[in-house]
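Worksheet for the structure shown next.
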Amino acid sequence: MMQGPPGYGPVMVLNSKQQRQTGRQAQLSNITAARAVSDIIRTTLGPRSMLKMLLDPMGGIVITNDGNCILREVDVSHPTAKSMIELSRAQDEEVGDGTTSVIILAGEMLILAEPCITDNLHPTVIVQGYNKALQCALDICEELALDVDVNDTEQMMKLVQSSIGTKFSSRWNDKMVQMALQAVLTVAREKGSSTPSNGTSSNPYNHKVEVDIKRYAKVEKIPGGEINDSTVLKGVMFNKDTTHSKMRRKIENPRILLLDCPLEYKKGESQTNVEITNTEDWNTMLRMEEEYVENMCME
């Protein structure tokens, strides 16, 4: 926006290719964009869902039915479409599942609101109705909620199965569910609970457990083998190759040294060449390096 000449109002400067929409036209355009985004991943939800084959900008092929993964590869320019994609990303970060469902539900809610807008119903009134429906849904969820014992392996596996059962072939479902449950229970840490001083808890949800899989769980990919060879390790893994054939493949009860400094002799600032004419000089140089490292350890 620019200020016009004296006596004239402001002058709007826009690109000739830009479109400006207001009022009812903008509302219907937003609903249309949301419908288009939800239709992209609608066929990836449900027992008869299908996978999407995507071609990323680098030329790689991605085959998945995860809503966030699909929408991440979609390039859109409409603000509402971008908001829908952002909604899917937030759902993936906060919950880790339901990225497809949240997009389809959001799209259906906007589609059902379209007749109300056409009937000259104000958007704030529609939002108030959705808020009342949200409270009713939360009350019903409280009535249907069941207490889950994390130590009950069979019940926990059924819960995990409902989340990742659609991500893998049925051949590997049991293996993946077992590994996911074992990994989460391994890194789970109890947090301080708000238990009253008398020892009884009035809130059944005050027992909090922190599961930080981004810091304490890591997926290490090793070429070769089959999926059945995958396992969960309770510890730290370093994928390193052997430097020579005489190195042992397995060491039981090892002693591990953790250093926060380099364990090597300090190299000179300038390039130095050493000429060795006999074996004794070579052994002497190696002994000097070992003594230097030993002195570093003593310090």
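Here, A, B, ... name the chains of the structure tokens in the order displayed, residue numbers run from 1 inside each chain, and ligands are numbered from 1 in the same displayed order.
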
- Message: Show me, as a ChimeraX atom specification, the residues that have an atom within 10 Å of stretch 73-89 of chain A when counting only C-alpha atoms, minus same-chain residues fewer than 2 positions from it.
- Response: /A:29-38,40,54-57,62,67-71,91-94,96-104,106-107

- Message: If we count only C-alpha atoms and set the cut-off at 9 Å, which residues sit around A:Leu185, ignoring sequence neighbours fewer than 4 positions away in its own chain? Please answer as a list in words.
- Response: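 My reading of the contact set: Val150, Ala180, Leu181, Arg189 and Val211 of chain A.
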
- Task: May I have the residues within 12 Å of A:Gly129 as a list of chain:residue names, using only C-alpha atoms and disregarding those fewer than 6 positions away in the same chain?
- Result: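 Contacts, in chain order: A:Met109, A:Ala113, A:Cys116, A:Leu121, A:His122, A:Pro123, A:Gln135, A:Cys136.
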
Filtering to all heavy atoms, could you give me those residues as a PDB file, in the first residue's frame?
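The resulting file, out_31.pdb, is reproduced below:
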```
ATOM      1  N   MET A 109     -15.607 -31.470   8.301  1.00  0.00           N
ATOM      2  CA  MET A 109     -16.265 -30.437   9.101  1.00  0.00           C
ATOM      3  C   MET A 109     -16.460 -29.156   8.301  1.00  0.00           C
ATOM      4  O   MET A 109     -17.492 -28.484   8.414  1.00  0.00           O
ATOM      5  CB  MET A 109     -15.448 -30.182  10.373  1.00  0.00           C
ATOM      6  CG  MET A 109     -15.437 -31.357  11.340  1.00  0.00           C
ATOM      7  SD  MET A 109     -14.325 -31.119  12.739  1.00  0.00           S
ATOM      8  CE  MET A 109     -15.147 -29.787  13.581  1.00  0.00           C
ATOM      9  N   ALA A 113     -20.019 -27.467   6.902  1.00  0.00           N
ATOM     10  CA  ALA A 113     -20.324 -26.078   7.233  1.00  0.00           C
ATOM     11  C   ALA A 113     -20.674 -25.257   6.003  1.00  0.00           C
ATOM     12  O   ALA A 113     -21.213 -24.148   6.127  1.00  0.00           O
ATOM     13  CB  ALA A 113     -19.135 -25.440   7.951  1.00  0.00           C
ATOM     14  N   CYS A 116     -24.356 -24.246   5.707  1.00  0.00           N
ATOM     15  CA  CYS A 116     -24.704 -23.219   6.700  1.00  0.00           C
ATOM     16  C   CYS A 116     -24.247 -21.842   6.242  1.00  0.00           C
ATOM     17  O   CYS A 116     -24.956 -20.841   6.431  1.00  0.00           O
ATOM     18  CB  CYS A 116     -24.092 -23.579   8.053  1.00  0.00           C
ATOM     19  SG  CYS A 116     -24.661 -25.150   8.730  1.00  0.00           S
ATOM     20  N   LEU A 121     -25.546 -18.108   7.485  1.00  0.00           N
ATOM     21  CA  LEU A 121     -25.258 -18.287   8.906  1.00  0.00           C
ATOM     22  C   LEU A 121     -23.835 -17.808   9.173  1.00  0.00           C
ATOM     23  O   LEU A 121     -22.897 -18.176   8.449  1.00  0.00           O
ATOM     24  CB  LEU A 121     -25.408 -19.760   9.289  1.00  0.00           C
ATOM     25  CG  LEU A 121     -25.541 -20.082  10.777  1.00  0.00           C
ATOM     26  CD1 LEU A 121     -26.806 -19.449  11.328  1.00  0.00           C
ATOM     27  CD2 LEU A 121     -25.572 -21.585  11.003  1.00  0.00           C
ATOM     28  N   HIS A 122     -23.666 -16.998  10.204  1.00  0.00           N
ATOM     29  CA  HIS A 122     -22.360 -16.396  10.461  1.00  0.00           C
ATOM     30  C   HIS A 122     -21.362 -17.470  10.910  1.00  0.00           C
ATOM     31  O   HIS A 122     -21.720 -18.393  11.647  1.00  0.00           O
ATOM     32  CB  HIS A 122     -22.475 -15.306  11.530  1.00  0.00           C
ATOM     33  CG  HIS A 122     -21.316 -14.352  11.527  1.00  0.00           C
ATOM     34  ND1 HIS A 122     -20.135 -14.610  12.185  1.00  0.00           N
ATOM     35  CD2 HIS A 122     -21.157 -13.144  10.917  1.00  0.00           C
ATOM     36  CE1 HIS A 122     -19.295 -13.601  11.998  1.00  0.00           C
ATOM     37  NE2 HIS A 122     -19.895 -12.693  11.231  1.00  0.00           N
ATOM     38  N   PRO A 123     -20.090 -17.367  10.481  1.00  0.00           N
ATOM     39  CA  PRO A 123     -19.098 -18.378  10.871  1.00  0.00           C
ATOM     40  C   PRO A 123     -18.919 -18.521  12.373  1.00  0.00           C
ATOM     41  O   PRO A 123     -18.640 -19.622  12.860  1.00  0.00           O
ATOM     42  CB  PRO A 123     -17.809 -17.874  10.199  1.00  0.00           C
ATOM     43  CG  PRO A 123     -18.280 -17.077   9.026  1.00  0.00           C
ATOM     44  CD  PRO A 123     -19.553 -16.434   9.469  1.00  0.00           C
ATOM     45  N   GLN A 135     -17.391 -30.563  23.250  1.00  0.00           N
ATOM     46  CA  GLN A 135     -17.595 -30.887  24.662  1.00  0.00           C
ATOM     47  C   GLN A 135     -18.380 -32.179  24.818  1.00  0.00           C
ATOM     48  O   GLN A 135     -18.070 -33.005  25.695  1.00  0.00           O
ATOM     49  CB  GLN A 135     -18.310 -29.721  25.355  1.00  0.00           C
ATOM     50  CG  GLN A 135     -17.520 -28.425  25.382  1.00  0.00           C
ATOM     51  CD  GLN A 135     -16.187 -28.576  26.091  1.00  0.00           C
ATOM     52  OE1 GLN A 135     -16.078 -29.307  27.086  1.00  0.00           O
ATOM     53  NE2 GLN A 135     -15.175 -27.887  25.581  1.00  0.00           N
ATOM     54  N   CYS A 136     -19.378 -32.380  23.994  1.00  0.00           N
ATOM     55  CA  CYS A 136     -20.138 -33.636  24.048  1.00  0.00           C
ATOM     56  C   CYS A 136     -19.240 -34.827  23.704  1.00  0.00           C
ATOM     57  O   CYS A 136     -19.330 -35.891  24.336  1.00  0.00           O
ATOM     58  CB  CYS A 136     -21.329 -33.577  23.100  1.00  0.00           C
ATOM     59  SG  CYS A 136     -22.593 -32.363  23.567  1.00  0.00           S
TER      60      CYS A 136
END
```
